[in-house]
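This is query-v3.cif. It holds mmCIF, C-alpha atoms.
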```
data_my_file
#
loop_
_atom_site.group_PDB
_atom_site.id
_atom_site.type_symbol
_atom_site.label_atom_id
_atom_site.label_comp_id
_atom_site.auth_asym_id
_atom_site.auth_seq_id
_atom_site.Cartn_x
_atom_site.Cartn_y
_atom_site.Cartn_z
ATOM 1 C CA MET A 1 183.435 127.882 101.635
ATOM 2 C CA ALA A 2 180.595 125.333 101.771
ATOM 3 C CA ILE A 3 180.527 122.893 104.678
ATOM 4 C CA SER A 4 180.174 119.339 103.343
ATOM 5 C CA SER A 5 179.392 117.266 106.413
ATOM 6 C CA ASN A 6 176.432 115.133 107.490
ATOM 7 C CA TRP A 7 173.648 117.723 107.532
ATOM 8 C CA ILE A 8 169.911 117.591 107.969
ATOM 9 C CA VAL A 9 167.525 120.527 107.670
ATOM 10 C CA CYS A 10 164.751 120.507 110.292
ATOM 11 C CA LEU A 11 161.680 122.716 110.185
ATOM 12 C CA GLY A 12 160.397 123.552 113.637
ATOM 13 C CA GLY A 13 162.144 123.577 117.010
ATOM 14 C CA ASN A 14 159.210 123.361 119.418
ATOM 15 C CA HIS A 15 159.072 121.043 122.425
ATOM 16 C CA ASN A 16 157.391 118.248 120.450
ATOM 17 C CA GLN A 17 160.217 118.244 117.894
ATOM 18 C CA ILE A 18 163.074 118.049 120.416
ATOM 19 C CA PRO A 19 163.062 114.221 120.845
ATOM 20 C CA TYR A 20 163.452 113.810 117.067
ATOM 21 C CA LEU A 21 166.305 116.331 116.973
ATOM 22 C CA ARG A 22 168.051 114.388 119.752
ATOM 23 C CA GLU A 23 167.815 111.186 117.719
ATOM 24 C CA PHE A 24 169.419 112.878 114.719
ATOM 25 C CA LYS A 25 172.236 114.132 116.952
ATOM 26 C CA LYS A 26 172.793 110.595 118.283
ATOM 27 C CA LEU A 27 173.181 109.446 114.668
ATOM 28 C CA GLY A 28 175.876 112.059 114.045
ATOM 29 C CA PHE A 29 173.881 114.623 112.058
ATOM 30 C CA ASN A 30 174.541 118.328 112.097
ATOM 31 C CA ILE A 31 171.245 120.220 112.257
ATOM 32 C CA LEU A 32 170.260 123.359 110.404
ATOM 33 C CA LEU A 33 167.088 124.453 112.178
ATOM 34 C CA PHE A 34 164.310 126.805 111.119
ATOM 35 C CA ASP A 35 161.734 128.228 113.531
ATOM 36 C CA LYS A 36 159.888 131.551 113.668
ATOM 37 C CA ASN A 37 160.465 131.650 117.436
ATOM 38 C CA LYS A 38 163.909 133.072 118.222
ATOM 39 C CA LYS A 39 163.708 131.327 121.602
ATOM 40 C CA ALA A 40 162.581 127.927 120.315
ATOM 41 C CA PRO A 41 163.800 125.211 122.713
ATOM 42 C CA GLY A 42 165.254 123.162 119.842
ATOM 43 C CA ILE A 43 167.851 125.819 119.059
ATOM 44 C CA GLU A 44 170.250 124.363 121.633
ATOM 45 C CA LEU A 45 170.417 121.160 119.575
ATOM 46 C CA SER A 46 171.101 122.936 116.282
ATOM 47 C CA ASN A 47 174.399 123.793 114.634
ATOM 48 C CA ILE A 48 172.895 126.580 112.534
ATOM 49 C CA PHE A 49 169.648 128.400 113.275
ATOM 50 C CA TYR A 50 167.498 130.719 111.179
ATOM 51 C CA GLN A 51 164.485 132.541 112.560
ATOM 52 C CA VAL A 52 162.109 131.609 109.742
ATOM 53 C CA GLY A 53 158.711 129.913 110.061
ATOM 54 C CA TYR A 54 158.134 126.575 108.374
ATOM 55 C CA GLU A 55 155.398 128.017 106.140
ATOM 56 C CA ASP A 56 157.539 130.906 104.878
ATOM 57 C CA ASN A 57 158.701 129.037 101.780
ATOM 58 C CA LEU A 58 160.689 131.755 100.005
ATOM 59 C CA ASN A 59 162.625 132.797 103.107
ATOM 60 C CA LEU A 60 163.295 129.154 103.946
ATOM 61 C CA LEU A 61 164.879 128.703 100.531
ATOM 62 C CA SER A 62 166.858 131.947 100.490
ATOM 63 C CA SER A 63 168.203 131.331 104.008
ATOM 64 C CA LEU A 64 169.251 127.820 103.066
ATOM 65 C CA GLN A 65 170.941 129.030 99.883
ATOM 66 C CA SER A 66 172.870 131.639 101.851
ATOM 67 C CA SER A 67 174.033 129.138 104.465
ATOM 68 C CA GLU A 68 177.489 127.614 104.542
ATOM 69 C CA ILE A 69 176.406 124.022 103.968
ATOM 70 C CA ASP A 70 176.929 122.297 100.641
ATOM 71 C CA LEU A 71 173.429 121.901 99.246
ATOM 72 C CA ASN A 72 174.663 119.409 96.651
ATOM 73 C CA GLN A 73 175.332 116.984 99.497
ATOM 74 C CA LEU A 74 172.112 117.666 101.385
ATOM 75 C CA ASN A 75 169.773 114.659 101.316
ATOM 76 C CA TYR A 76 167.261 115.230 104.092
ATOM 77 C CA ILE A 77 164.598 117.824 104.933
ATOM 78 C CA PHE A 78 162.640 116.842 108.051
ATOM 79 C CA SER A 79 159.766 118.005 110.182
ATOM 80 C CA ALA A 80 157.544 116.366 112.756
ATOM 81 C CA SER A 81 156.123 119.683 113.944
ATOM 82 C CA SER A 82 152.744 119.501 112.228
ATOM 83 C CA GLN A 83 151.105 118.457 108.984
ATOM 84 C CA PHE A 84 151.309 122.084 107.824
ATOM 85 C CA SER A 85 155.095 121.944 108.150
ATOM 86 C CA GLN A 86 155.204 119.375 105.339
ATOM 87 C CA ILE A 87 154.409 122.199 102.906
ATOM 88 C CA GLY A 88 157.802 123.751 103.629
ATOM 89 C CA VAL A 89 159.493 120.349 103.533
ATOM 90 C CA SER A 90 158.113 119.465 100.102
ATOM 91 C CA PHE A 91 158.776 122.974 98.742
ATOM 92 C CA LEU A 92 162.463 122.768 99.696
ATOM 93 C CA GLN A 93 162.749 119.202 98.410
ATOM 94 C CA GLU A 94 161.419 120.225 95.010
ATOM 95 C CA LYS A 95 163.639 123.310 94.766
ATOM 96 C CA LEU A 96 166.760 121.387 95.823
ATOM 97 C CA LYS A 97 165.862 118.260 93.818
ATOM 98 C CA ILE A 98 165.786 116.056 96.913
ATOM 99 C CA LYS A 99 163.597 112.956 96.700
ATOM 100 C CA GLY A 100 160.315 113.340 98.568
ATOM 101 C CA VAL A 101 156.572 113.819 98.331
ATOM 102 C CA SER A 102 155.479 116.523 95.898
ATOM 103 C CA LEU A 103 154.025 119.791 97.126
ATOM 104 C CA LYS A 104 150.884 118.969 95.120
ATOM 105 C CA ASN A 105 150.350 115.746 97.061
ATOM 106 C CA ILE A 106 150.960 117.420 100.423
ATOM 107 C CA GLN A 107 148.339 120.010 99.514
ATOM 108 C CA ILE A 108 145.889 117.211 98.717
ATOM 109 C CA CYS A 109 146.414 115.811 102.233
ATOM 110 C CA LEU A 110 145.506 119.201 103.704
ATOM 111 C CA ASN A 111 142.590 120.109 101.451
ATOM 112 C CA LYS A 112 139.483 118.108 102.285
ATOM 113 C CA ARG A 113 137.754 118.813 98.987
ATOM 114 C CA ASN A 114 140.767 117.456 97.137
ATOM 115 C CA PHE A 115 141.312 114.328 99.178
ATOM 116 C CA TYR A 116 137.624 113.417 99.046
ATOM 117 C CA LYS A 117 137.811 113.708 95.252
ATOM 118 C CA LEU A 118 140.806 111.385 95.368
ATOM 119 C CA PHE A 119 138.969 108.897 97.586
ATOM 120 C CA VAL A 120 136.048 108.831 95.158
ATOM 121 C CA ASN A 121 138.368 108.425 92.157
ATOM 122 C CA LEU A 122 139.964 105.434 93.884
ATOM 123 C CA SER A 123 136.518 103.970 94.693
ATOM 124 C CA LEU A 124 136.877 104.383 98.462
ATOM 125 C CA PRO A 125 133.540 104.869 100.236
ATOM 126 C CA ILE A 126 132.895 108.272 101.828
ATOM 127 C CA PRO A 127 129.877 109.634 103.689
ATOM 128 C CA PHE A 128 127.237 111.538 101.729
ATOM 129 C CA THR A 129 129.086 114.853 101.246
ATOM 130 C CA LYS A 130 128.176 118.303 99.949
ATOM 131 C CA PHE A 131 130.311 121.444 99.650
ATOM 132 C CA ILE A 132 128.730 124.419 101.425
ATOM 133 C CA VAL A 133 129.506 128.127 101.057
ATOM 134 C CA SER A 134 126.558 129.758 102.818
ATOM 135 C CA SER A 135 124.092 129.209 105.646
ATOM 136 C CA THR A 136 121.256 129.395 103.107
ATOM 137 C CA SER A 137 122.455 126.387 101.104
ATOM 138 C CA LEU A 138 123.303 124.572 104.326
ATOM 139 C CA LYS A 139 119.820 124.942 105.761
ATOM 140 C CA LYS A 140 118.190 124.011 102.456
ATOM 141 C CA ILE A 141 120.025 120.679 102.200
ATOM 142 C CA ILE A 142 119.319 119.675 105.795
ATOM 143 C CA SER A 143 115.692 120.802 105.716
ATOM 144 C CA ASN A 144 114.990 118.870 102.518
ATOM 145 C CA ASP A 145 116.466 115.615 103.818
ATOM 146 C CA PRO A 146 113.632 113.128 104.459
ATOM 147 C CA SER A 147 115.819 110.766 106.494
ATOM 148 C CA SER A 148 116.054 112.997 109.611
ATOM 149 C CA SER A 149 119.758 112.220 109.845
ATOM 150 C CA ASN A 150 122.300 114.122 111.878
ATOM 151 C CA TRP A 151 124.996 116.020 109.997
ATOM 152 C CA TYR A 152 128.589 117.145 110.497
ATOM 153 C CA LEU A 153 129.877 120.420 109.084
ATOM 154 C CA LYS A 154 133.663 120.534 108.692
ATOM 155 C CA SER A 155 136.003 123.337 107.601
ATOM 156 C CA ASP A 156 137.819 122.543 104.387
ATOM 157 C CA TYR A 157 141.528 122.942 105.187
ATOM 158 C CA GLY A 158 143.974 121.370 107.632
ATOM 159 C CA LYS A 159 144.579 117.839 108.930
ATOM 160 C CA SER A 160 141.605 117.863 111.280
ATOM 161 C CA PRO A 161 138.780 120.353 110.827
ATOM 162 C CA ASN A 162 139.420 123.408 112.984
ATOM 163 C CA TYR A 163 135.712 124.151 112.775
ATOM 164 C CA ILE A 164 133.384 121.211 113.178
ATOM 165 C CA TYR A 165 129.713 121.316 114.081
ATOM 166 C CA LYS A 166 127.167 118.589 114.691
ATOM 167 C CA ILE A 167 123.774 119.628 113.359
ATOM 168 C CA LYS A 168 120.601 117.808 114.373
ATOM 169 C CA SER A 169 118.012 117.654 111.634
ATOM 170 C CA HIS A 170 115.154 118.119 114.110
ATOM 171 C CA ASP A 171 116.803 121.137 115.757
ATOM 172 C CA ILE A 172 118.644 123.180 113.108
ATOM 173 C CA ASN A 173 120.620 125.923 114.834
ATOM 174 C CA LEU A 174 123.177 127.634 112.603
ATOM 175 C CA ASN A 175 123.837 130.717 114.723
ATOM 176 C CA ASN A 176 127.211 129.631 116.112
ATOM 177 C CA ILE A 177 128.827 128.689 112.774
ATOM 178 C CA ASN A 178 131.892 130.675 111.755
ATOM 179 C CA TRP A 179 131.833 132.005 108.184
ATOM 180 C CA VAL A 180 134.945 134.210 108.433
ATOM 181 C CA LYS A 181 137.671 132.866 106.110
ATOM 182 C CA ASP A 182 141.000 132.031 107.722
ATOM 183 C CA ARG A 183 143.797 129.456 107.619
ATOM 184 C CA TYR A 184 141.375 126.577 108.189
ATOM 185 C CA LEU A 185 138.307 127.862 106.333
ATOM 186 C CA ARG A 186 139.577 128.632 102.849
ATOM 187 C CA ASP A 187 136.608 128.235 100.519
ATOM 188 C CA GLY A 188 133.806 126.726 102.558
ATOM 189 C CA TYR A 189 132.591 123.731 104.534
ATOM 190 C CA LEU A 190 132.021 120.073 103.815
ATOM 191 C CA LEU A 191 128.642 118.876 105.013
ATOM 192 C CA GLN A 192 128.464 115.152 105.720
ATOM 193 C CA LYS A 193 125.564 112.958 106.734
ATOM 194 C CA GLU A 194 126.288 110.964 109.878
ATOM 195 C CA PHE A 195 127.459 107.415 109.186
ATOM 196 C CA TYR A 196 126.840 104.999 112.051
ATOM 197 C CA GLY A 197 129.504 102.599 113.252
ATOM 198 C CA GLU A 198 132.743 102.327 115.190
ATOM 199 C CA HIS A 199 135.087 105.283 114.679
ATOM 200 C CA LEU A 200 138.643 103.965 114.239
ATOM 201 C CA ARG A 201 142.115 105.365 113.629
ATOM 202 C CA VAL A 202 144.239 103.211 111.308
ATOM 203 C CA ASN A 203 148.009 103.655 111.185
ATOM 204 C CA ILE A 204 149.755 102.112 108.178
ATOM 205 C CA ILE A 205 153.529 101.658 108.235
ATOM 206 C CA ASP A 206 154.827 100.035 105.054
ATOM 207 C CA ASN A 207 153.011 96.668 104.961
ATOM 208 C CA THR A 208 152.007 96.656 108.613
ATOM 209 C CA PHE A 209 149.193 98.378 110.482
ATOM 210 C CA CYS A 210 147.622 99.016 113.854
ATOM 211 C CA ILE A 211 144.159 100.250 114.768
ATOM 212 C CA PHE A 212 142.942 102.372 117.674
ATOM 213 C CA PHE A 213 139.454 103.109 118.952
ATOM 214 C CA HIS A 214 138.706 106.799 118.568
ATOM 215 C CA LYS A 215 136.438 106.854 121.627
ATOM 216 C CA ASN A 216 139.110 105.863 124.149
ATOM 217 C CA ASN A 217 142.408 105.676 122.182
ATOM 218 C CA ASN A 218 142.844 101.990 123.077
ATOM 219 C CA LEU A 219 144.632 99.635 120.730
ATOM 220 C CA VAL A 220 142.267 97.299 118.878
ATOM 221 C CA VAL A 221 142.936 93.607 119.539
ATOM 222 C CA ASP A 222 139.486 92.306 118.621
ATOM 223 C CA GLU A 223 139.899 89.696 115.879
ATOM 224 C CA ASN A 224 136.348 90.374 114.700
ATOM 225 C CA ILE A 225 137.367 93.882 113.677
ATOM 226 C CA PHE A 226 140.434 92.546 111.881
ATOM 227 C CA ASP A 227 138.225 90.038 110.094
ATOM 228 C CA ASP A 228 135.964 92.882 108.928
ATOM 229 C CA PHE A 229 139.005 94.741 107.639
ATOM 230 C CA TYR A 230 140.137 91.730 105.621
ATOM 231 C CA ARG A 231 136.626 90.892 104.411
ATOM 232 C CA MET A 232 136.026 94.434 103.145
ATOM 233 C CA ASN A 233 139.551 94.757 101.763
ATOM 234 C CA ILE A 234 140.020 97.981 103.713
ATOM 235 C CA LEU A 235 143.798 97.843 104.085
ATOM 236 C CA THR A 236 144.373 97.320 100.373
ATOM 237 C CA LYS A 237 142.112 100.267 99.583
ATOM 238 C CA LEU A 238 143.824 102.541 102.094
ATOM 239 C CA ASN A 239 147.158 101.519 100.645
ATOM 240 C CA MET A 240 145.921 102.701 97.246
ATOM 241 C CA VAL A 241 145.800 106.235 98.683
ATOM 242 C CA ILE A 242 149.345 105.884 100.013
ATOM 243 C CA ASP A 243 150.589 104.704 96.624
ATOM 244 C CA GLU A 244 148.718 107.417 94.716
ATOM 245 C CA LEU A 245 150.150 110.188 96.913
ATOM 246 C CA GLU A 246 153.602 108.538 97.223
ATOM 247 C CA LEU A 247 153.469 108.558 101.034
ATOM 248 C CA LYS A 248 155.367 105.314 101.708
ATOM 249 C CA ASN A 249 157.997 107.140 103.762
ATOM 250 C CA PHE A 250 155.341 108.365 106.212
ATOM 251 C CA ILE A 251 153.352 106.692 108.927
ATOM 252 C CA CYS A 252 149.940 107.335 107.396
ATOM 253 C CA LYS A 253 146.877 107.797 109.573
ATOM 254 C CA PHE A 254 143.340 107.250 108.386
ATOM 255 C CA ASP A 255 140.102 107.922 110.226
ATOM 256 C CA ILE A 256 137.362 105.526 109.225
ATOM 257 C CA ILE A 257 133.955 104.452 110.511
ATOM 258 C CA LEU A 258 133.182 100.748 110.336
ATOM 259 C CA ASN A 259 130.034 98.717 110.827
ATOM 260 C CA LYS A 260 129.220 95.111 109.961
ATOM 261 C CA ASN A 261 127.982 95.968 106.491
ATOM 262 C CA ASN A 262 130.109 98.844 105.280
ATOM 263 C CA TRP A 263 132.713 101.471 106.062
ATOM 264 C CA VAL A 264 133.633 105.023 105.102
ATOM 265 C CA ILE A 265 136.877 106.963 105.120
ATOM 266 C CA LEU A 266 136.882 110.383 106.769
ATOM 267 C CA ASP A 267 140.412 111.728 106.871
ATOM 268 C CA ILE A 268 144.114 111.251 106.205
ATOM 269 C CA GLY A 269 147.059 112.443 108.293
ATOM 270 C CA ILE A 270 150.839 112.295 107.943
ATOM 271 C CA ASP A 271 151.998 114.003 111.141
ATOM 272 C CA PRO A 272 153.368 111.744 113.924
ATOM 273 C CA PRO A 273 150.691 109.365 115.271
ATOM 274 C CA ALA A 274 149.856 110.471 118.811
ATOM 275 C CA ARG A 275 148.119 107.230 119.847
ATOM 276 C CA LEU A 276 151.012 105.057 118.710
ATOM 277 C CA LEU A 277 153.471 107.425 120.398
ATOM 278 C CA LYS A 278 151.595 107.132 123.689
ATOM 279 C CA ILE A 279 151.504 103.343 123.687
ATOM 280 C CA TYR A 280 155.281 103.315 123.028
ATOM 281 C CA LEU A 281 155.910 105.739 125.888
ATOM 282 C CA ASP A 282 153.705 103.634 128.168
ATOM 283 C CA ASN A 283 155.834 100.571 127.311
ATOM 284 C CA ASN A 284 159.253 102.273 127.472
ATOM 285 C CA ILE A 285 159.807 101.992 123.707
ATOM 286 C CA ASN A 286 161.684 104.809 121.982
ATOM 287 C CA PHE A 287 159.139 105.840 119.372
ATOM 288 C CA TYR A 288 161.314 108.739 118.193
ATOM 289 C CA ASN A 289 164.166 106.395 117.308
ATOM 290 C CA PHE A 290 161.839 104.220 115.216
ATOM 291 C CA PHE A 291 160.339 107.277 113.514
ATOM 292 C CA VAL A 292 163.705 108.813 112.611
ATOM 293 C CA ARG A 293 165.184 105.550 111.362
ATOM 294 C CA LYS A 294 162.132 104.988 109.149
ATOM 295 C CA PHE A 295 162.463 108.534 107.817
ATOM 296 C CA LEU A 296 166.083 107.770 106.902
ATOM 297 C CA GLY A 297 164.972 104.743 104.911
ATOM 298 C CA GLU A 298 165.589 101.856 107.284
ATOM 299 C CA LYS A 299 163.192 98.922 107.005
ATOM 300 C CA LEU A 300 161.729 98.269 110.437
ATOM 301 C CA ILE A 301 159.002 96.286 112.139
ATOM 302 C CA PHE A 302 157.240 98.650 114.523
ATOM 303 C CA PRO A 303 156.045 97.111 117.812
ATOM 304 C CA PHE A 304 152.263 96.718 118.212
ATOM 305 C CA THR A 305 151.708 96.471 114.464
ATOM 306 C CA LYS A 306 150.372 93.538 112.433
ATOM 307 C CA LYS A 307 151.258 92.436 108.928
ATOM 308 C CA PHE A 308 148.595 93.106 106.328
ATOM 309 C CA TYR A 309 147.815 89.425 105.746
#
```

For this file, write the structure as structure tokens.
Amino acid sequence: MAISSNWIVCLGGNHNQIPYLREFKKLGFNILLFDKNKKAPGIELSNIFYQVGYEDNLNLLSSLQSSEIDLNQLNYIFSASSQFSQIGVSFLQEKLKIKGVSLKNIQICLNKRNFYKLFVNLSLPIPFTKFIVSSTSLKKIISNDPSSSNWYLKSDYGKSPNYIYKIKSHDINLNNINWVKDRYLRDGYLLQKEFYGEHLRVNIIDNTFCIFFHKNNNLVVDENIFDDFYRMNILTKLNMVIDELELKNFICKFDIILNKNNWVILDIGIDPPARLLKIYLDNNINFYNFFVRKFLGEKLIFPFTKKFY
């Protein structure tokens, strides 16, 4: 007989996920937990546990279908474990017809070639970028550049590049570059010319935002930087990405570089924002409670954020 109570399915039971699981328990949820680790610390907070990894889509689905919970009354699939875990979340949502972000859009967030194509299609500025599949083509592009710029070589898959190399045009050394394909290097590298400016992390939560310096993780309070954001219409353009990928239910993170004349976008992330989490912990604010309530659809004003305009 199917159990028809207040259930949530959570992918991942590692230490980082435990505070979120505790918040769901406080709100009266029963937790069906998946983790590939049979000794995952989050198991003690679960009502039902399956030893299945969050990227093992077919076994996630079959285990869920064989469980005792009533899937017709299941409304929530959650994970704050990693950006990769959102693949399993979106897969289950699509199979169970639960509202959420499509698997296609999650894959765009993870695939740098795809999200740079999206940025260009939405007229967002990006650094000069080339796709690279061999050391020969890499050396040719750098050697033929008359500007003597520095370059960054980034692996093509994952939230942040697992492989990233800074290459100096006057001292081209390619000996330490990994060319073995794996989880993070699927098809090749993205080669980008260095863009000079202030490297910033922008968190967007509904129609509010906060900005952090990448160099020291400090919260930006400089009105001159905010003025540059408004003058260049940066927030509106970043929000176009959120709308296109239907990410309104996430706290979206963007890495950008800004100078007085221009800006470029480098990356997008939808896993929990570490800098915002830290500033909440430093100020005795329960970030996990805010995060979970937003996930459940509650409209909130997050501390340390500003309205768009």

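Within the file as shown, the PyMOL selection byres ((chain A and resi 263) around 10) identifies Leu124, Pro125, Ile126, Pro127, Phe195, Tyr196, Gly197, Glu198, His199, Asp228, Phe229, Met232, Ile234, Ile256, Ile257, Leu258, Asn259, Lys260, Asn261, Asn262, Val264, Ile265 and Leu266 of chain A.
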
*Identify all residues satisfying the PyMOL selection byres ((chain A and resi 13-25) around 6) in the given file; provide them as an MDAnalysis selection string.*
chainID A and resid 12 26:29 35 40:42 81 288

*Do you know which residues the PyMOL selection byres ((chain A and resi 189) around 12) returns on this file, as a PyMOL selection string?*
chain A and resi 111-113+129-135+137-138+152-157+161-165+177-181+184-188+190-192

_Selection near Ile142 (chain A), 9 Å with only C-alpha atoms, sequence-local residues under 3 positions removed, as an NGL selection string_ = :A and (137-139 or 145-146 or 148-151 or 167-169 or 172)

Selection: 12 Å around Ile205 (chain A), only C-alpha atoms, excl. self and same-chain fewer than 3 positions, as a PDB file with C-alpha atoms, in the frame of the given file:
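Saved result, out_34.pdb, follows:
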```
ATOM      1  CA  VAL A 202     144.239 103.211 111.308  1.00  0.00           C
ATOM      2  CA  THR A 208     152.007  96.656 108.613  1.00  0.00           C
ATOM      3  CA  PHE A 209     149.193  98.378 110.482  1.00  0.00           C
ATOM      4  CA  CYS A 210     147.622  99.016 113.854  1.00  0.00           C
ATOM      5  CA  ILE A 211     144.159 100.250 114.768  1.00  0.00           C
ATOM      6  CA  LEU A 235     143.798  97.843 104.085  1.00  0.00           C
ATOM      7  CA  LEU A 238     143.824 102.541 102.094  1.00  0.00           C
ATOM      8  CA  ASN A 239     147.158 101.519 100.645  1.00  0.00           C
ATOM      9  CA  ILE A 242     149.345 105.884 100.013  1.00  0.00           C
ATOM     10  CA  LEU A 247     153.469 108.558 101.034  1.00  0.00           C
ATOM     11  CA  LYS A 248     155.367 105.314 101.708  1.00  0.00           C
ATOM     12  CA  ASN A 249     157.997 107.140 103.762  1.00  0.00           C
ATOM     13  CA  PHE A 250     155.341 108.365 106.212  1.00  0.00           C
ATOM     14  CA  ILE A 251     153.352 106.692 108.927  1.00  0.00           C
ATOM     15  CA  CYS A 252     149.940 107.335 107.396  1.00  0.00           C
ATOM     16  CA  LYS A 253     146.877 107.797 109.573  1.00  0.00           C
ATOM     17  CA  PHE A 254     143.340 107.250 108.386  1.00  0.00           C
ATOM     18  CA  ILE A 270     150.839 112.295 107.943  1.00  0.00           C
ATOM     19  CA  PRO A 272     153.368 111.744 113.924  1.00  0.00           C
ATOM     20  CA  PRO A 273     150.691 109.365 115.271  1.00  0.00           C
ATOM     21  CA  LEU A 276     151.012 105.057 118.710  1.00  0.00           C
ATOM     22  CA  PHE A 290     161.839 104.220 115.216  1.00  0.00           C
ATOM     23  CA  PHE A 291     160.339 107.277 113.514  1.00  0.00           C
ATOM     24  CA  LYS A 294     162.132 104.988 109.149  1.00  0.00           C
ATOM     25  CA  PHE A 295     162.463 108.534 107.817  1.00  0.00           C
ATOM     26  CA  LYS A 299     163.192  98.922 107.005  1.00  0.00           C
ATOM     27  CA  LEU A 300     161.729  98.269 110.437  1.00  0.00           C
ATOM     28  CA  ILE A 301     159.002  96.286 112.139  1.00  0.00           C
ATOM     29  CA  PHE A 302     157.240  98.650 114.523  1.00  0.00           C
ATOM     30  CA  PRO A 303     156.045  97.111 117.812  1.00  0.00           C
ATOM     31  CA  PHE A 304     152.263  96.718 118.212  1.00  0.00           C
ATOM     32  CA  THR A 305     151.708  96.471 114.464  1.00  0.00           C
ATOM     33  CA  LYS A 306     150.372  93.538 112.433  1.00  0.00           C
ATOM     34  CA  LYS A 307     151.258  92.436 108.928  1.00  0.00           C
ATOM     35  CA  PHE A 308     148.595  93.106 106.328  1.00  0.00           C
TER      36      PHE A 308
END
```

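Among the candidate residues A:Leu174, A:Leu92, A:Leu277, A:Ile106, the one lying nearest to Phe78 (chain A) is A:Leu92, with distances computed using only C-alpha atoms.
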
Show me as an mmCIF file with C-alpha atoms, keeping the file's coordinate frame the residues that reach within 8 Å of (157.9, 123.1, 111.8), counting all atoms listed in the file and using the file's own coordinates.
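After the write, part-v5.cif holds the following:
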```cif
data_model
loop_
_atom_site.group_PDB
_atom_site.id
_atom_site.type_symbol
_atom_site.label_atom_id
_atom_site.label_comp_id
_atom_site.auth_asym_id
_atom_site.auth_seq_id
_atom_site.Cartn_x
_atom_site.Cartn_y
_atom_site.Cartn_z
ATOM 1 C CA CYS A 10 164.751 120.507 110.292
ATOM 2 C CA LEU A 11 161.680 122.716 110.185
ATOM 3 C CA GLY A 12 160.397 123.552 113.637
ATOM 4 C CA GLY A 13 162.144 123.577 117.010
ATOM 5 C CA ASN A 14 159.210 123.361 119.418
ATOM 6 C CA PHE A 34 164.310 126.805 111.119
ATOM 7 C CA ASP A 35 161.734 128.228 113.531
ATOM 8 C CA GLY A 53 158.711 129.913 110.061
ATOM 9 C CA TYR A 54 158.134 126.575 108.374
ATOM 10 C CA GLU A 55 155.398 128.017 106.140
ATOM 11 C CA SER A 79 159.766 118.005 110.182
ATOM 12 C CA ALA A 80 157.544 116.366 112.756
ATOM 13 C CA SER A 81 156.123 119.683 113.944
ATOM 14 C CA SER A 82 152.744 119.501 112.228
ATOM 15 C CA PHE A 84 151.309 122.084 107.824
ATOM 16 C CA SER A 85 155.095 121.944 108.150
ATOM 17 C CA GLN A 86 155.204 119.375 105.339
#
```

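Atom pair CA of Leu245 (chain A) / CA of Leu200 (chain A) has a distance of 21.7 Å (rounded to one decimal).
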
*Within 12 Å of (161.4, 135.7, 108.6), in the coordinates the file gives, what residues turn up when you count all atoms listed in the file, written out as a PyMOL selection string?*
chain A and resi 34-38+49-63

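Separating CA of Asn176 (chain A) from CA of Arg201 (chain A) is a distance of 28.6 Å.
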
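In this comparison, which uses all atoms listed in the file, the residue of A:Gly158, A:Leu33, A:Asp243, A:Leu281 approaching Asn114 (chain A) most closely is A:Gly158.
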
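If only C-alpha atoms are the atoms counted, then among A:Phe226, A:Tyr76, A:Trp7, A:Tyr309 the closest residue to Ser46 (chain A) is A:Trp7.
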
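Between CA of Ile77 (chain A) and CA of Gln93 (chain A) there is a distance of 6.9 Å.
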
*asked:* Env of Leu122 (chain A): 10 Å cut, atoms = all atoms listed in the file, seq-sep filter 2 positions within chain, self excluded. Answer as a PyMOL selection string.
replied: chain A and resi 116-120+124-125+237-238+240-241+244

Give me the box for region 112-118 of chain A as JSON, namely the centre and edge lengths in Å to one decimal of a box along x, y and z that holds every listed atom plus 6 Å on each side.
```
{"center_x": 139.5, "center_y": 115.1, "center_z": 98.8, "size_x": 15.7, "size_y": 19.4, "size_z": 19.0}
```

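Taking all atoms listed in the file into account, Cys109 (chain A) lies nearest to A:Ile87 out of the set A:Ile31, A:Ile87, A:Leu96, A:Val292.
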
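Close contacts of Asn75 (chain A), defined as residues with an atom at most 8 Å away when counting all atoms listed in the file, with chain neighbours fewer than 5 positions off set aside, comprise Trp7, Ile8, Ile98 and Lys99 of chain A.
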